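What follows is the content of entry_36.cif (mmCIF, C-alpha atoms).
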data_upload
#
loop_
_atom_site.group_PDB
_atom_site.id
_atom_site.type_symbol
_atom_site.label_atom_id
_atom_site.label_comp_id
_atom_site.auth_asym_id
_atom_site.auth_seq_id
_atom_site.Cartn_x
_atom_site.Cartn_y
_atom_site.Cartn_z
ATOM 1 C CA MET A 547 38.538 -120.573 -13.549
ATOM 2 C CA LYS A 548 38.380 -122.496 -10.258
ATOM 3 C CA ASN A 549 40.297 -119.691 -8.486
ATOM 4 C CA LYS A 550 37.849 -117.063 -9.775
ATOM 5 C CA ILE A 551 34.883 -119.053 -8.413
ATOM 6 C CA GLN A 552 36.622 -119.471 -5.055
ATOM 7 C CA LEU A 553 37.407 -115.745 -4.960
ATOM 8 C CA LEU A 554 33.789 -114.906 -5.809
ATOM 9 C CA MET A 555 32.480 -117.247 -3.084
ATOM 10 C CA ALA A 556 34.897 -115.800 -0.512
ATOM 11 C CA SER A 557 33.827 -112.258 -1.432
ATOM 12 C CA LEU A 558 30.134 -113.146 -1.075
ATOM 13 C CA PHE A 559 30.856 -114.748 2.297
ATOM 14 C CA VAL A 560 32.736 -111.657 3.539
ATOM 15 C CA PHE A 561 30.050 -109.248 2.353
ATOM 16 C CA GLY A 562 27.306 -111.446 3.839
ATOM 17 C CA PHE A 563 29.132 -111.583 7.174
ATOM 18 C CA MET A 564 29.569 -107.790 7.168
ATOM 19 C CA ALA A 565 25.868 -107.280 6.445
ATOM 20 C CA VAL A 566 24.892 -109.530 9.362
ATOM 21 C CA MET A 567 27.281 -107.729 11.718
ATOM 22 C CA ASN A 568 26.004 -104.281 10.688
ATOM 23 C CA THR A 569 22.424 -105.388 11.279
ATOM 24 C CA ALA A 570 23.319 -106.735 14.718
ATOM 25 C CA LYS A 571 25.148 -103.514 15.564
ATOM 26 C CA ALA A 572 22.154 -101.398 14.528
ATOM 27 C CA GLN A 573 19.834 -103.417 16.753
ATOM 28 C CA THR A 574 22.015 -102.911 19.827
ATOM 29 C CA SER A 575 22.872 -99.240 19.384
ATOM 30 C CA ASN A 576 21.323 -96.491 21.513
ATOM 31 C CA ASN A 577 20.272 -94.465 18.474
ATOM 32 C CA ASN A 578 16.782 -95.981 18.452
ATOM 33 C CA THR A 579 15.937 -95.418 22.119
ATOM 34 C CA ILE A 580 13.382 -92.860 23.225
ATOM 35 C CA GLN A 581 15.009 -90.073 25.162
ATOM 36 C CA GLU A 582 13.493 -89.188 28.527
ATOM 37 C CA VAL A 583 14.050 -86.011 30.508
ATOM 38 C CA GLN A 584 13.950 -86.142 34.310
ATOM 39 C CA LEU A 585 12.118 -83.087 35.574
ATOM 40 C CA ASN A 586 13.361 -81.256 38.666
ATOM 41 C CA LYS A 587 11.725 -78.736 40.981
ATOM 42 C CA ASN A 588 13.420 -75.738 39.380
ATOM 43 C CA ASP A 589 12.499 -76.249 35.741
ATOM 44 C CA ALA A 590 9.848 -74.990 33.333
ATOM 45 C CA PHE A 591 7.342 -77.610 34.487
ATOM 46 C CA ASN A 592 6.663 -75.967 37.863
ATOM 47 C CA GLU A 593 3.300 -74.780 36.540
ATOM 48 C CA ILE A 594 2.263 -78.375 35.872
ATOM 49 C CA ARG A 595 3.194 -79.355 39.436
ATOM 50 C CA ASN A 596 1.165 -76.460 40.837
ATOM 51 C CA LEU A 597 -1.855 -77.324 38.687
ATOM 52 C CA LEU A 598 -1.585 -80.971 39.734
ATOM 53 C CA MET A 599 -1.608 -80.001 43.417
ATOM 54 C CA ALA A 600 -4.513 -77.579 42.918
ATOM 55 C CA ASN A 601 -6.701 -80.139 41.086
ATOM 56 C CA PHE A 602 -5.789 -83.287 43.055
ATOM 57 C CA ASP A 603 -8.695 -84.784 45.045
ATOM 58 C CA PHE A 604 -7.268 -85.548 48.504
ATOM 59 C CA THR A 605 -10.630 -86.731 49.914
ATOM 60 C CA ASN A 606 -10.763 -90.177 48.307
ATOM 61 C CA SER A 607 -10.814 -92.814 51.063
ATOM 62 C CA ASP A 608 -9.142 -95.409 48.811
ATOM 63 C CA TYR A 609 -5.796 -93.630 48.964
ATOM 64 C CA LYS A 610 -2.971 -95.119 51.002
ATOM 65 C CA GLN A 611 -2.364 -92.894 54.028
ATOM 66 C CA GLY A 612 1.018 -91.259 54.478
ATOM 67 C CA ILE A 613 3.576 -90.259 51.907
ATOM 68 C CA VAL A 614 2.932 -91.801 48.495
ATOM 69 C CA ASN A 615 5.707 -91.660 45.908
ATOM 70 C CA SER A 616 4.756 -91.859 42.247
ATOM 71 C CA GLU A 617 6.385 -91.305 38.907
ATOM 72 C CA VAL A 618 4.385 -89.876 36.024
ATOM 73 C CA LYS A 619 5.436 -90.094 32.369
ATOM 74 C CA PHE A 620 3.845 -87.974 29.676
ATOM 75 C CA ASP A 621 4.354 -86.551 26.222
ATOM 76 C CA VAL A 622 3.806 -82.996 25.056
ATOM 77 C CA ALA A 623 1.959 -82.708 21.745
ATOM 78 C CA GLU A 624 2.924 -80.141 19.110
ATOM 79 C CA ASN A 625 0.143 -77.851 20.332
ATOM 80 C CA GLY A 626 1.519 -78.021 23.911
ATOM 81 C CA LYS A 627 -1.186 -80.331 25.304
ATOM 82 C CA ILE A 628 -0.120 -83.029 27.767
ATOM 83 C CA VAL A 629 -0.883 -86.466 26.275
ATOM 84 C CA ASN A 630 -0.109 -90.167 26.907
ATOM 85 C CA VAL A 631 -0.063 -89.790 30.686
ATOM 86 C CA HIS A 632 1.002 -92.890 32.641
ATOM 87 C CA SER A 633 1.703 -92.974 36.357
ATOM 88 C CA LYS A 634 3.004 -95.686 38.653
ATOM 89 C CA GLY A 635 3.754 -95.592 42.320
ATOM 90 C CA ASP A 636 3.065 -96.832 45.836
ATOM 91 C CA CYS A 637 -0.737 -96.532 45.549
ATOM 92 C CA LYS A 638 -2.565 -97.348 42.324
ATOM 93 C CA ASN A 639 -5.491 -95.060 43.237
ATOM 94 C CA VAL A 640 -3.168 -92.074 43.684
ATOM 95 C CA SER A 641 -1.493 -92.933 40.372
ATOM 96 C CA LYS A 642 -4.902 -93.080 38.684
ATOM 97 C CA GLU A 643 -5.835 -89.659 40.112
ATOM 98 C CA ILE A 644 -2.554 -88.179 38.854
ATOM 99 C CA GLU A 645 -3.295 -89.567 35.388
ATOM 100 C CA ASN A 646 -6.847 -88.171 35.462
ATOM 101 C CA VAL A 647 -5.769 -84.703 36.585
ATOM 102 C CA LEU A 648 -2.961 -84.329 34.047
ATOM 103 C CA SER A 649 -5.019 -85.797 31.188
ATOM 104 C CA LYS A 650 -7.896 -83.390 31.770
ATOM 105 C CA LEU A 651 -5.847 -80.210 32.207
ATOM 106 C CA GLN A 652 -6.610 -77.445 29.727
ATOM 107 C CA TYR A 653 -3.030 -76.226 30.240
ATOM 108 C CA ARG A 654 -0.661 -75.937 27.283
ATOM 109 C CA VAL A 655 3.105 -76.152 27.709
ATOM 110 C CA ASP A 656 4.841 -73.063 26.338
ATOM 111 C CA SER A 657 7.595 -74.389 24.084
ATOM 112 C CA LYS A 658 9.488 -71.100 24.492
ATOM 113 C CA LYS A 659 10.158 -72.004 28.134
ATOM 114 C CA LEU A 660 11.847 -75.278 27.172
ATOM 115 C CA ASN A 661 15.560 -75.194 26.557
ATOM 116 C CA ASN A 662 17.364 -77.543 24.169
ATOM 117 C CA ASN A 663 18.172 -79.997 26.972
ATOM 118 C CA MET A 664 14.479 -80.378 27.788
ATOM 119 C CA ILE A 665 13.151 -81.296 24.338
ATOM 120 C CA ALA A 666 12.286 -84.987 24.489
ATOM 121 C CA SER A 667 9.764 -87.586 23.452
ATOM 122 C CA THR A 668 8.782 -88.517 26.986
ATOM 123 C CA TYR A 669 8.975 -86.533 30.220
ATOM 124 C CA VAL A 670 9.309 -88.177 33.636
ATOM 125 C CA MET A 671 8.199 -86.267 36.721
ATOM 126 C CA PRO A 672 8.439 -87.569 40.293
ATOM 127 C CA VAL A 673 5.349 -86.824 42.387
ATOM 128 C CA ARG A 674 5.236 -87.065 46.169
ATOM 129 C CA VAL A 675 1.811 -86.804 47.824
ATOM 130 C CA ASP A 676 1.170 -86.643 51.572
ATOM 131 C CA ILE A 677 -2.280 -88.129 52.366
ATOM 132 C CA ASN A 678 -3.492 -87.234 55.885
ATOM 133 C CA ASN A 679 -7.277 -87.177 55.687
ATOM 134 C CA ARG A 680 -8.181 -89.755 58.324
#

Please express what this file holds, its structure, as structure tokens.
Amino acid sequence: MKNKIQLLMASLFVFGFMAVMNTAKAQTSNNNTIQEVQLNKNDAFNEIRNLLMANFDFTNSDYKQGIVNSEVKFDVAENGKIVNVHSKGDCKNVSKEIENVLSKLQYRVDSKKLNNNMIASTYVMPVRVDINNR
């Protein structure tokens, strides 16, 4: 009887240890990370770049003069609208303008132009602006 209790306790310990290890493994795996796609100049998002350049207000005097590098992250909703736009870069005013322009665009992304490698939760697009208005 004593051996059966010891065997039962050892089994519970082993199963408990395995459960803890599996939980720890699940928390450190890459399966739960949000996939991002880096956008290049020659991809389906060229239209967004062109619309950003066409609608960007270069006359704001609060912009840092010279070349300003920014990175904009956004999602594409099921209807193709650009949502959850966040930009960061060398000048916070330029980043804010990028966010405003992309958030207010009436443009819809055509899902037919996206290939399987470009379907993601979040898109990252580098933006380089040359401010020479002074």

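Restricting the calculation to all atoms listed in the file, the smallest distance between Asn646 (chain A) and any of A:Arg595, A:Pro672, A:Tyr609, A:Asp603 is found for A:Asp603.
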
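Between CA of Glu643 (chain A) and CA of Arg674 (chain A) the interatomic distance comes to 12.9 Å.
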
| query | What does the PyMOL selection byres ((chain A and resi 644) around 12) select in this file, as a ChimeraX atom specification? | reply | /A:594-595,597-604,609,614-620,631-635,637-643,645-651,671-675

| message | I need the output of the PyMOL selection byres ((chain A and resi 607) around 10) for this file as a VMD selection string; which residues are they? | response | chain A and resid 604 to 606 608 to 611 639 677 679 to 680

| field | Atom-to-atom span, CA of Asn596 (chain A) and CA of Asn678 (chain A), Å | value |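 Separation of CA of Asn596 (chain A) and CA of Asn678 (chain A): 19.1 Å.
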
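For the choices A:Asp676, A:Gln652, A:Asn549, A:Thr668, the atom-to-atom distance to Asp621 (chain A) is smallest for A:Thr668 when using only C-alpha atoms.
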
| request: Quick one: pull the distance between CA of Val622 (chain A) and CA of Glu593 (chain A), Å, one decimal. | output: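 Here the two named atoms are 14.1 Å from each other.
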
| query | If you apply the PyMOL selection byres ((chain A and resi 623) around 12) to this file, what residues do you get, as a list in words? | reply |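 On the file shown, the PyMOL selection byres ((chain A and resi 623) around 12) covers Phe620, Asp621, Val622, Glu624, Asn625, Gly626, Lys627, Ile628, Val629, Asn630, Val631, Tyr653, Arg654, Val655, Asp656, Ser657, Ile665, Ala666, Ser667, Thr668 and Tyr669 of chain A.
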